$ cat upload_8.txt   # compact mmCIF, C-alpha atoms
# COMPACT_ATOMS: atom_id res chain seq x y z
CA MET A 1 33.16 -94.39 185.03
CA THR A 2 32.17 -98.07 184.83
CA ALA A 3 29.69 -99.37 182.25
CA SER A 4 27.04 -100.10 184.90
CA ALA A 5 27.44 -96.64 186.40
CA ARG A 6 27.02 -95.06 182.99
CA GLU A 7 23.75 -96.88 182.43
CA THR A 8 22.26 -95.79 185.78
CA ALA A 9 23.68 -92.24 185.95
CA PRO A 10 21.11 -89.44 185.57
CA ARG A 11 20.94 -87.77 182.17
CA ALA A 12 23.30 -84.82 181.88
CA GLY A 13 21.46 -81.52 181.42
CA LEU A 14 22.31 -78.74 178.98
CA ARG A 15 24.32 -75.77 180.25
CA PRO A 16 22.68 -72.29 179.90
CA ALA A 17 25.25 -71.05 177.35
CA ALA A 18 24.66 -74.00 175.01
CA VAL A 19 21.94 -72.28 172.99
CA ALA A 20 23.51 -73.37 169.70
CA VAL A 21 22.75 -77.04 170.35
CA ARG A 22 19.40 -76.72 172.13
CA ASP A 23 17.46 -78.43 169.33
CA ILE A 24 20.08 -81.13 168.75
CA TYR A 25 20.00 -81.95 172.46
CA SER A 26 16.22 -82.31 172.30
CA PHE A 27 16.41 -84.56 169.23
CA LEU A 28 18.89 -86.81 171.01
CA ALA A 29 17.67 -86.75 174.61
CA ASP A 30 13.90 -86.49 174.08
CA LEU A 31 13.30 -88.13 170.69
CA GLY A 32 16.07 -90.72 170.65
CA LEU A 33 17.16 -89.70 167.14
CA ASP A 34 20.79 -90.76 167.33
CA CYS A 35 20.56 -92.69 164.05
CA ASP A 36 19.43 -89.60 162.12
CA VAL A 37 21.41 -86.90 163.96
CA ASN A 38 24.85 -88.01 165.10
CA PRO A 39 27.31 -88.08 162.17
CA CYS A 40 29.01 -91.39 161.47
CA THR A 41 31.10 -93.07 158.81
CA ALA A 42 32.73 -96.39 158.02
CA PHE A 43 35.70 -97.47 155.93
CA ILE A 44 38.01 -100.43 155.36
CA GLY A 45 41.77 -100.44 155.03
CA THR A 46 45.09 -101.30 156.61
CA VAL A 47 45.33 -100.55 160.32
CA ASP A 48 48.11 -100.75 162.90
CA ALA A 49 46.59 -103.42 165.16
CA GLY A 50 48.47 -102.08 168.17
CA GLN A 51 46.70 -98.73 167.78
CA VAL A 52 43.17 -99.98 167.29
CA GLU A 53 43.31 -102.62 170.03
CA ASP A 54 44.54 -100.34 172.84
CA PRO A 55 41.58 -98.72 174.67
CA GLY A 56 43.84 -96.51 176.78
CA ALA A 57 45.66 -95.11 173.75
CA TRP A 58 42.31 -94.44 172.01
CA GLN A 59 40.84 -92.60 175.01
CA ASP A 60 44.01 -90.55 175.44
CA PHE A 61 44.01 -89.65 171.74
CA VAL A 62 40.35 -88.51 171.81
CA ARG A 63 40.98 -86.36 174.87
CA ARG A 64 44.00 -84.79 173.13
CA LEU A 65 41.68 -83.94 170.24
CA GLY A 66 39.64 -81.93 172.76
CA LEU A 67 36.34 -83.75 172.29
CA ALA A 68 35.80 -84.88 175.88
CA GLN A 69 36.43 -81.43 177.30
CA ALA A 70 34.26 -79.82 174.60
CA LEU A 71 31.27 -81.86 175.76
CA THR A 72 31.69 -80.48 179.30
CA HIS A 73 31.22 -76.96 177.91
CA LEU A 74 27.73 -77.95 176.77
CA LEU A 75 26.55 -80.53 179.31
CA ASP A 76 26.52 -80.52 183.06
CA VAL A 77 29.06 -83.32 183.23
CA ALA A 78 32.66 -83.65 184.43
CA GLU A 79 35.34 -84.53 181.89
CA GLU A 80 36.12 -87.82 183.62
CA ASP A 81 32.47 -88.81 183.13
CA VAL A 82 32.47 -88.17 179.38
CA VAL A 83 32.28 -91.52 177.57
CA VAL A 84 34.84 -92.41 174.89
CA THR A 85 34.18 -95.85 173.42
CA LEU A 86 36.41 -98.38 171.68
CA ALA A 87 34.34 -101.45 170.77
CA PRO A 88 36.08 -104.46 169.20
CA GLN A 89 33.63 -106.70 167.32
CA PRO A 90 33.73 -110.45 166.61
CA GLY A 91 35.54 -111.44 163.45
CA PRO A 92 36.99 -111.87 161.03
CA VAL A 93 34.18 -110.71 158.75
CA ASP A 94 33.94 -111.35 155.02
CA GLY A 95 32.28 -109.70 152.08
CA GLY A 96 32.56 -106.71 149.78
CA ILE A 97 31.33 -103.13 150.25
CA ASP A 98 27.63 -104.00 149.90
CA GLU A 99 27.79 -106.71 152.57
CA LEU A 100 29.90 -104.54 154.86
CA ALA A 101 27.42 -101.66 154.41
CA GLU A 102 24.71 -103.90 155.86
CA LEU A 103 26.99 -104.77 158.78
CA VAL A 104 27.87 -101.19 159.74
CA THR A 105 24.34 -99.94 159.06
CA ASP A 106 22.92 -102.47 161.50
CA TYR A 107 25.57 -101.53 164.06
CA HIS A 108 24.87 -97.80 163.69
CA ASN A 109 21.12 -98.20 164.15
CA THR A 110 21.42 -100.48 167.18
CA HIS A 111 24.20 -98.64 169.05
CA PRO A 112 23.07 -95.07 169.80
CA LEU A 113 25.47 -92.73 171.56
CA ARG A 114 24.65 -91.84 175.12
CA ILE A 115 24.15 -88.13 175.78
CA ALA A 116 27.52 -87.87 177.54
CA GLU A 117 29.34 -89.96 174.91
CA ALA A 118 31.72 -87.96 172.72
CA VAL A 119 32.82 -90.54 170.16
CA HIS A 120 32.36 -94.26 169.51
CA LEU A 121 34.73 -96.39 167.42
CA ALA A 122 33.94 -100.01 166.55
CA TYR A 123 36.09 -102.27 164.42
CA TRP A 124 36.00 -105.71 162.81
CA PRO A 125 39.03 -107.60 161.46
CA HIS A 126 38.41 -108.64 157.84
CA VAL A 127 39.45 -111.98 156.33
CA ASN A 128 41.75 -110.13 153.90
CA GLY A 129 43.86 -108.77 156.79
CA GLU A 130 42.35 -105.28 156.73
CA TYR A 131 40.03 -103.74 159.31
CA VAL A 132 36.48 -102.42 158.96
CA VAL A 133 36.20 -99.26 161.07
CA PHE A 134 33.02 -97.45 162.16
CA VAL A 135 33.20 -94.03 163.87
CA LYS A 136 30.30 -92.00 165.31
CA PHE A 137 30.54 -88.51 166.87
CA SER A 138 28.19 -86.55 169.09
CA HIS A 139 26.60 -83.80 166.99
CA LEU A 140 26.56 -81.67 170.14
CA ILE A 141 30.29 -81.05 169.67
CA VAL A 142 30.89 -81.48 165.94
CA ASP A 143 29.69 -79.93 162.74
CA LEU A 144 30.63 -81.46 159.41
CA PRO A 145 33.86 -79.45 158.87
CA ASP A 146 34.96 -80.66 162.31
CA VAL A 147 34.23 -84.27 161.35
CA VAL A 148 36.37 -84.02 158.21
CA ASP A 149 39.28 -82.63 160.24
CA LEU A 150 38.88 -85.11 163.09
CA LEU A 151 38.65 -88.13 160.80
CA ARG A 152 41.88 -87.14 159.11
CA HIS A 153 43.59 -87.30 162.52
CA ILE A 154 41.79 -90.51 163.49
CA ARG A 155 42.68 -92.37 160.29
CA ALA A 156 46.33 -91.31 160.69
CA HIS A 157 46.22 -92.53 164.30
CA LEU A 158 44.82 -95.89 163.20
CA ARG A 159 47.64 -96.31 160.72
CA GLY A 160 50.22 -95.53 163.40
CA GLU A 161 51.23 -92.27 161.74
CA VAL A 162 52.28 -89.15 163.64
CA SER A 163 50.24 -86.18 162.45
CA SER A 164 52.14 -82.98 161.66
CA ALA A 165 49.05 -80.92 162.55
CA ARG A 166 48.41 -79.57 166.05
CA ILE A 167 46.19 -82.16 167.74
CA GLY A 168 43.31 -80.44 169.51
CA ALA A 169 43.92 -77.00 168.00
CA ARG A 170 40.40 -76.86 166.56
CA TYR A 171 38.80 -77.07 170.03
CA ARG A 172 41.29 -75.01 172.01
CA ARG A 173 38.88 -72.06 172.40
CA HIS A 174 35.65 -74.04 172.31
CA GLU A 175 34.29 -72.82 175.67
CA ALA A 176 34.85 -69.16 174.73
CA THR A 177 33.24 -69.78 171.31
CA VAL A 178 30.15 -71.31 172.93
CA GLU A 179 29.78 -68.20 175.10
CA GLN A 180 30.48 -65.88 172.14
CA TYR A 181 27.70 -67.52 170.13
CA ALA A 182 25.24 -67.23 173.02
CA ARG A 183 25.88 -63.46 173.12
CA LEU A 184 24.92 -62.91 169.47
CA PRO A 185 21.88 -60.63 169.07
CA ALA A 186 18.77 -62.72 168.62
CA ALA A 187 16.41 -61.95 165.76
CA ASP A 188 12.88 -60.71 166.40
CA PRO A 189 10.68 -63.76 165.61
CA THR A 190 7.77 -61.50 164.63
CA GLN A 191 9.93 -59.63 162.12
CA VAL A 192 11.23 -62.89 160.66
CA THR A 193 7.73 -64.37 160.36
CA GLN A 194 6.43 -61.24 158.66
CA ALA A 195 9.32 -61.32 156.20
CA LEU A 196 8.53 -64.94 155.32
CA GLY A 197 4.86 -64.24 154.70
CA ASP A 198 1.91 -66.55 155.27
CA LEU A 199 2.53 -70.26 155.50
CA PRO A 200 1.82 -71.92 152.15
CA VAL A 201 -0.62 -74.80 151.85
CA PRO A 202 1.21 -77.97 150.84
CA GLY A 203 -0.30 -80.41 148.38
CA ARG A 204 0.80 -83.24 150.64
CA LYS A 205 0.89 -83.16 154.43
CA GLY A 206 3.88 -84.27 156.41
CA ILE A 207 4.09 -87.31 158.65
CA PRO A 208 4.39 -86.05 162.23
CA THR A 209 6.00 -89.22 163.61
CA ILE A 210 9.56 -90.49 163.30
CA SER A 211 9.38 -93.08 160.54
CA ALA A 212 11.30 -95.71 158.59
CA SER A 213 13.47 -94.23 155.86
CA ALA A 214 14.31 -94.96 152.25
CA GLU A 215 16.96 -93.32 150.11
CA GLN A 216 18.08 -92.83 146.53
CA TRP A 217 21.44 -91.61 145.22
CA LEU A 218 22.32 -89.36 142.30
CA PRO A 219 25.78 -88.46 140.98
CA LEU A 220 25.94 -84.68 140.58
CA ARG A 221 27.72 -82.80 137.86
CA GLU A 222 30.82 -80.86 138.85
CA GLY A 223 30.43 -77.22 139.87
CA VAL A 224 26.80 -77.24 141.09
CA THR A 225 26.36 -74.38 143.58
CA PHE A 226 24.15 -74.55 146.67
CA ASP A 227 21.71 -72.06 145.16
CA GLU A 228 21.52 -74.16 141.99
CA LEU A 229 20.76 -77.14 144.21
CA LEU A 230 17.94 -75.23 145.94
CA SER A 231 16.51 -74.18 142.58
CA ALA A 232 16.67 -77.71 141.17
CA VAL A 233 15.07 -79.26 144.28
CA THR A 234 12.24 -76.71 144.16
CA ALA A 235 11.61 -77.37 140.46
CA ALA A 236 11.59 -81.12 141.10
CA LEU A 237 9.38 -81.05 144.19
CA LEU A 238 6.63 -78.56 143.48
CA PRO A 239 5.09 -80.58 140.59
CA SER A 240 5.32 -83.80 142.64
CA VAL A 241 4.08 -82.56 146.02
CA GLY A 242 1.89 -79.68 144.84
CA GLY A 243 0.90 -76.48 146.65
CA GLY A 244 3.69 -74.74 148.53
CA LEU A 245 6.50 -75.80 150.82
CA VAL A 246 8.97 -74.52 153.37
CA LEU A 247 12.50 -75.66 152.58
CA GLN A 248 14.91 -75.73 155.51
CA TYR A 249 18.67 -75.37 155.19
CA PRO A 250 21.51 -75.22 157.75
CA PHE A 251 23.46 -71.98 158.02
CA SER A 252 26.79 -71.41 159.76
CA ARG A 253 28.08 -67.89 160.39
CA TRP A 254 31.50 -67.32 158.92
CA GLU A 255 33.08 -66.34 162.23
CA PHE A 256 32.04 -69.72 163.71
CA ALA A 257 32.30 -72.02 160.68
CA THR A 258 36.06 -72.51 161.03
CA LYS A 259 35.99 -73.14 164.78
CA GLY A 260 35.44 -76.46 166.50
CA GLY A 261 31.87 -77.10 167.61
CA CYS A 262 28.33 -77.02 166.29
CA PHE A 263 27.00 -73.50 165.69
CA VAL A 264 24.32 -74.09 163.07
CA GLU A 265 21.00 -72.31 162.54
CA ILE A 266 18.20 -73.87 160.49
CA LYS A 267 16.77 -71.25 158.13
CA PRO A 268 13.47 -71.39 156.19
CA LEU A 269 12.78 -70.69 152.51
CA VAL A 270 9.10 -70.41 151.55
CA VAL A 271 8.26 -71.58 148.01
CA ARG A 272 4.82 -71.47 146.44
CA GLY A 273 3.55 -73.44 143.46
CA ALA A 274 1.98 -70.37 141.83
CA SER A 275 5.42 -68.67 141.74
CA ALA A 276 7.48 -71.68 140.62
CA ALA A 277 9.14 -69.82 137.75
CA GLU A 278 10.68 -67.26 140.14
CA TYR A 279 12.86 -69.72 142.05
CA THR A 280 16.11 -69.31 140.20
CA PRO A 281 19.58 -69.65 141.77
CA ALA A 282 19.81 -65.85 141.86
CA TYR A 283 16.50 -65.67 143.77
CA PHE A 284 17.74 -68.07 146.43
CA ALA A 285 21.09 -66.30 146.76
CA GLU A 286 19.35 -62.96 147.41
CA THR A 287 16.70 -64.45 149.72
CA ARG A 288 19.27 -66.30 151.80
CA ARG A 289 21.38 -63.17 152.23
CA PHE A 290 18.34 -61.31 153.53
CA HIS A 291 17.22 -63.97 156.02
CA GLU A 292 20.76 -64.54 157.26
CA SER A 293 21.08 -60.81 158.00
CA LEU A 294 18.10 -60.73 160.38
CA GLY A 295 20.01 -61.95 163.44
CA ARG A 296 20.40 -65.25 165.21
CA PHE A 297 17.37 -67.51 164.87
CA THR A 298 16.55 -71.07 163.97
CA MET A 299 13.32 -72.71 162.83
CA SER A 300 12.14 -73.70 166.31
CA ASP A 301 12.12 -69.99 167.30
CA LEU A 302 9.27 -69.34 164.83
CA THR A 303 6.14 -70.51 166.64
CA ALA A 304 3.75 -70.67 163.67
CA PHE A 305 6.22 -72.61 161.54
CA ALA A 306 7.24 -74.94 164.36
CA THR A 307 3.59 -75.74 165.12
CA ALA A 308 2.86 -76.51 161.47
CA PHE A 309 5.82 -78.89 161.29
CA THR A 310 5.04 -80.60 164.59
CA SER A 311 1.43 -81.24 163.65
CA GLY A 312 2.34 -82.53 160.20
CA ARG A 313 0.39 -79.79 158.41
CA MET A 314 3.65 -78.80 156.70
CA PRO A 315 6.14 -81.48 155.60
CA ARG A 316 9.71 -81.12 156.81
CA VAL A 317 11.96 -80.74 153.77
CA VAL A 318 15.69 -80.15 154.26
CA VAL A 319 18.27 -79.19 151.63
CA SER A 320 21.85 -79.26 152.82
CA ASP A 321 25.46 -79.25 151.78
CA THR A 322 27.08 -82.10 153.65
CA THR A 323 29.92 -84.58 153.59
CA PHE A 324 29.55 -88.35 153.46
CA MET A 325 32.99 -88.45 155.10
CA ARG A 326 34.59 -90.39 152.27
CA PRO A 327 38.21 -91.23 153.13
CA GLU A 328 41.44 -90.90 151.16
CA PRO A 329 40.80 -93.29 148.24
CA THR A 330 44.44 -94.41 148.02
CA LEU A 331 44.39 -95.66 151.62
CA TRP A 332 40.79 -96.61 152.44
CA ARG A 333 37.55 -97.73 150.81
CA TRP A 334 34.36 -95.97 151.88
CA ILE A 335 31.45 -97.99 153.29
CA PRO A 336 28.07 -96.16 153.18
CA VAL A 337 26.04 -96.14 156.42
CA ARG A 338 22.25 -95.73 156.34
CA SER A 339 19.79 -94.46 158.96
CA ALA A 340 16.85 -96.75 159.74
CA ARG A 341 14.58 -93.92 160.93
CA VAL A 342 14.27 -90.32 159.87
CA PHE A 343 12.83 -87.18 161.45
CA GLU A 344 12.32 -85.07 158.33
CA ASP A 345 9.86 -86.12 155.64
CA LEU A 346 12.41 -85.48 152.91
CA LYS A 347 16.10 -84.58 152.86
CA PHE A 348 18.41 -83.68 149.98
CA LEU A 349 22.03 -84.02 151.10
CA ALA A 350 24.71 -82.96 148.61
CA ASP A 351 28.37 -83.86 149.12
CA ARG A 352 30.56 -81.70 146.89
CA SER A 353 33.70 -82.14 149.02
CA TRP A 354 37.02 -83.84 148.32
CA PRO A 355 37.68 -86.61 147.33
CA GLY A 356 34.42 -86.60 145.37
CA PRO A 357 32.89 -87.15 142.95
CA PRO A 358 29.87 -84.95 143.81
CA LEU A 359 27.01 -87.07 145.10
CA LEU A 360 23.42 -86.40 146.22
CA ARG A 361 21.46 -88.55 148.67
CA MET A 362 17.70 -88.14 148.78
CA GLN A 363 16.36 -89.59 152.03
CA HIS A 364 12.66 -89.70 152.86
CA LYS A 365 10.02 -91.31 155.01
CA ARG A 366 8.68 -94.35 153.22
CA GLY A 367 5.13 -93.15 153.71
CA PHE A 368 5.77 -89.66 152.38
CA LEU A 369 6.90 -90.51 148.84
CA SER A 370 5.84 -93.55 146.89
CA PRO A 371 8.59 -95.35 144.95
CA ARG A 372 7.17 -93.92 141.71
CA THR A 373 7.10 -90.35 143.02
CA ALA A 374 10.62 -90.68 144.45
CA ALA A 375 11.85 -91.91 141.06
CA ASP A 376 10.15 -88.96 139.33
CA VAL A 377 11.84 -86.47 141.70
CA ILE A 378 15.25 -88.07 141.12
CA ASP A 379 14.69 -88.03 137.36
CA ARG A 380 13.88 -84.30 137.39
CA LEU A 381 16.97 -83.62 139.47
CA LYS A 382 19.07 -85.70 137.10
CA GLN A 383 17.93 -83.54 134.20
CA ARG A 384 18.86 -80.32 136.02
CA ILE A 385 22.00 -81.13 138.00
CA GLY A 386 22.85 -84.81 137.43
CA ALA A 387 26.15 -86.06 136.08
CA SER A 388 26.21 -88.15 132.91
CA GLY A 389 26.04 -91.86 133.55
CA GLY A 390 22.65 -92.20 135.27
CA THR A 391 21.60 -92.74 138.86
CA LEU A 392 22.87 -95.05 141.52
CA GLY A 393 20.28 -97.60 142.55
CA PRO A 394 18.13 -97.09 145.65
CA ALA A 395 19.70 -98.24 148.90
CA ASP A 396 16.56 -99.08 150.83
$ encode --input "upload_8.txt" --output "C-alpha cells"
Amino acid sequence: MTASARETAPRAGLRPAAVAVRDIYSFLADLGLDCDVNPCTAFIGTVDAGQVEDPGAWQDFVRRLGLAQALTHLLDVAEEDVVVTLAPQPGPVDGGIDELAELVTDYHNTHPLRIAEAVHLAYWPHVNGEYVVFVKFSHLIVDLPDVVDLLRHIRAHLRGEVSSARIGARYRRHEATVEQYARLPAADPTQVTQALGDLPVPGRKGIPTISASAEQWLPLREGVTFDELLSAVTAALLPSVGGGLVLQYPFSRWEFATKGGCFVEIKPLVVRGASAAEYTPAYFAETRRFHESLGRFTMSDLTAFATAFTSGRMPRVVVSDTTFMRPEPTLWRWIPVRSARVFEDLKFLADRSWPGPPLLRMQHKRGFLSPRTAADVIDRLKQRIGASGGTLGPAD
C-alpha cells in the first residue's frame, strides 16, 4: 500500500471477536491517544547499518515475528494492508542521554501510529558512530511481556545476529487465542458493582479532558511486591487527595499472559479515607483474588463507575506493574521517552523487571497535582518503598 493510499483509506473497524482490545481501540481510534497508549522505547548502541537501512528486510522480519498477521485477527484489514514502518531520520545527531531523550520524546509525540500500523522503527545515526533507535508497537497486538520478547529479537536483528529462538512462535496461535478469550464467561456487572459498594466521594475531582502530563521518578527498593505497591500508593494518596478513590490496575489471566497479544482487563479497587488503616498488602492480595474470580470484566463494563470517570467526578488513578523496556546494559544505553498528553489523572508505573534496578514513574495531569502535592506524594512513597539514595529529578 502506498503512503498516499494509507492516508486516504477508510479506518479499519474492529472484528467481533476482538473484545479484549475494545477499549484500546476506542482510545486510539476515537480519542487519538497514541502517545499515552502504544508502548514505545528508545536506545543507543552499535547497529549493523545494512540491517537498519534495508526497508524490505525490516518488513520481512516484522512479518516473520507475526505482528502483521496478528493485527488482521483484530481489525478488518488484509495482511498486505498492515503498515510496517522503517523511518530513517536526518543525522548525524549529537548529545548525551538527556538531549537524545528530548529528540525521541518529540518524535514519539508527533508520529502517532495509524490504526492499521503494527510497528514503527525510526533511527538516527549518532556522531560517535552508534545509532539512536526508536521503536513503537500497536497496543492492539502487544502486551508488555510481548514487547520484552519482541525487542530482544529486534535488537538482535539490528546487530546482525541470528536469534536461536523461534521467530514468530509467540503469535503462532494468536487468532485462536483471540477467539478463546472472547468465549470466556462474562461477569455480571450488577454483581461486581454490588461487591464494590457505593462509589466513594473523592476529595479532589478528576479532569475529564485529555491533558498535558508531568512525571516524577523514584528508585524502588528491591523485592517490593505489587500488593505492597498498592498499599504504599494508597497511604500516600489518601492524605493528599482526601475522601475516597477508585484505584485501577491491569489484570492478565494466567492462561493468556504467556501468549502473544493483549488480553488485559482493568480492575477496580475502592479505597476510602475513613478506612485508611485497613489497606495493607494482605488486604489488597485478598481483595484482588476475589474480584479476579468474578469472571471477565473491565472497568468500562461497570456503568456507574464509567460514568463517574467520564464526567470527572472520580479521578482516574492507575497502579500498574510495567516495563520501561530497558535494553541489555552491556550492549545498549536506554533513552527514556515521555508522553506529552495523558488520559488518566494519575498513574503509578513500577518496573521491577530485568535488567533493573526497580524504578517507579509517577505520571499525572499537570492540573491534577500541584508540584508541591506531587513532591509530597513522592516523599511518602520514598519512605515506604523507596530505595536509598533519594529520588530522580522530575522529567517534565
$ atom_distance --input "upload_8.txt" --atom1 "CA of Val201 in chain A" --atom2 "CA of Asp376 in chain A"
21.8 Å
$ residues_around --input "upload_8.txt" --residues "Pro125 in chain A" --least-positions-apart "5" --cutoff "6 Å" --atoms "only C-alpha atoms" --output "NGL selection string"
:A and (91-92 or 131)
$ closest_residue --input "upload_8.txt" --among "A:Gln59, A:Gln248, A:Thr225, A:Thr287" --to "Ser300 in chain A" --atoms "all atoms listed in the file"
A:Gln248
$ residues_around --input "upload_8.txt" --residues "His108 in chain A" --least-positions-apart "6" --cutoff "8 Å" --atoms "only C-alpha atoms" --output "PDB file with C-alpha atoms, keeping the file's coordinate frame"
ATOM      1  CA  CYS A  35      20.560 -92.690 164.050  1.00  0.00           C
ATOM      2  CA  CYS A  40      29.010 -91.390 161.470  1.00  0.00           C
ATOM      3  CA  VAL A 337      26.040 -96.140 156.420  1.00  0.00           C
ATOM      4  CA  SER A 339      19.790 -94.460 158.960  1.00  0.00           C
TER       5      SER A 339
END
$ atom_distance --input "upload_8.txt" --atom1 "CA of Ala42 in chain A" --atom2 "CA of Phe348 in chain A"
20.8 Å
$ atom_distance --input "upload_8.txt" --atom1 "CA of Val233 in chain A" --atom2 "CA of Pro358 in chain A"
15.9 Å
$ residues_around --input "upload_8.txt" --residues "Ala340 in chain A" --least-positions-apart "5" --cutoff "8 Å" --atoms "all atoms listed in the file" --output "ChimeraX atom specification"
/A:35-36,109,212-213
$ residues_around --input "upload_8.txt" --residues "Leu346 in chain A" --least-positions-apart "3" --cutoff "9 Å" --atoms "only C-alpha atoms" --output "PyMOL selection string"
chain A and resi 315-319+342-343+362-365+368-369
$ write_last_selection --input "upload_8.txt" --atoms "C-alpha atoms" --output "compact mmCIF listing (two decimals), in the coordinates of the input"
# COMPACT_ATOMS: atom_id res chain seq x y z
CA PRO A 315 6.14 -81.48 155.60
CA ARG A 316 9.71 -81.12 156.81
CA VAL A 317 11.96 -80.74 153.77
CA VAL A 318 15.69 -80.15 154.26
CA VAL A 319 18.27 -79.19 151.63
CA VAL A 342 14.27 -90.32 159.87
CA PHE A 343 12.83 -87.18 161.45
CA MET A 362 17.70 -88.14 148.78
CA GLN A 363 16.36 -89.59 152.03
CA HIS A 364 12.66 -89.70 152.86
CA LYS A 365 10.02 -91.31 155.01
CA PHE A 368 5.77 -89.66 152.38
CA LEU A 369 6.90 -90.51 148.84
$ closest_residue --input "upload_8.txt" --among "A:Ser231, A:Ser293, A:Asn128, A:Ser138" --to "Ala186 in chain A" --atoms "only C-alpha atoms"
A:Ser293
$ closest_residue --input "upload_8.txt" --among "A:Val127, A:Ile141, A:Ala101, A:Val148" --to "Ile115 in chain A" --atoms "only C-alpha atoms"
A:Ile141
$ closest_residue --input "upload_8.txt" --among "A:Tyr279, A:Phe284, A:Tyr25, A:Phe61" --to "Gly13 in chain A" --atoms "all atoms listed in the file"
A:Tyr25
$ closest_residue --input "upload_8.txt" --among "A:Asp60, A:Leu158, A:Asn38, A:Arg341" --to "Ser211 in chain A" --atoms "only C-alpha atoms"
A:Arg341
$ residues_around --input "upload_8.txt" --residues "Arg361 in chain A" --least-positions-apart "5" --cutoff "9 Å" --atoms "all atoms listed in the file" --output "PyMOL selection string"
chain A and resi 215-219+347-351
$ closest_atom_pairs --input "upload_8.txt" --of "range 51-120 of chain A" --to "range 324-336 of chain A" --cutoff "9 Å" --atoms "all atoms listed in the file" --output "Markdown table"
| residue | atom | partner | partner_atom | distance |
| --- | --- | --- | --- | --- |
| A:Ile97 | CA | A:Ile335 | CA | 6.0 |
| A:Asp98 | CA | A:Ile335 | CA | 7.9 |
| A:Leu100 | CA | A:Ile335 | CA | 6.9 |
| A:Ala101 | CA | A:Ile335 | CA | 5.6 |
| A:Glu102 | CA | A:Pro336 | CA | 8.9 |
| A:Val104 | CA | A:Ile335 | CA | 8.0 |
| A:Thr105 | CA | A:Pro336 | CA | 7.9 |
$ closest_residue --input "upload_8.txt" --among "A:Leu113, A:Ile167, A:Val132, A:Leu144" --to "Gly66 in chain A" --atoms "all atoms listed in the file"
A:Ile167
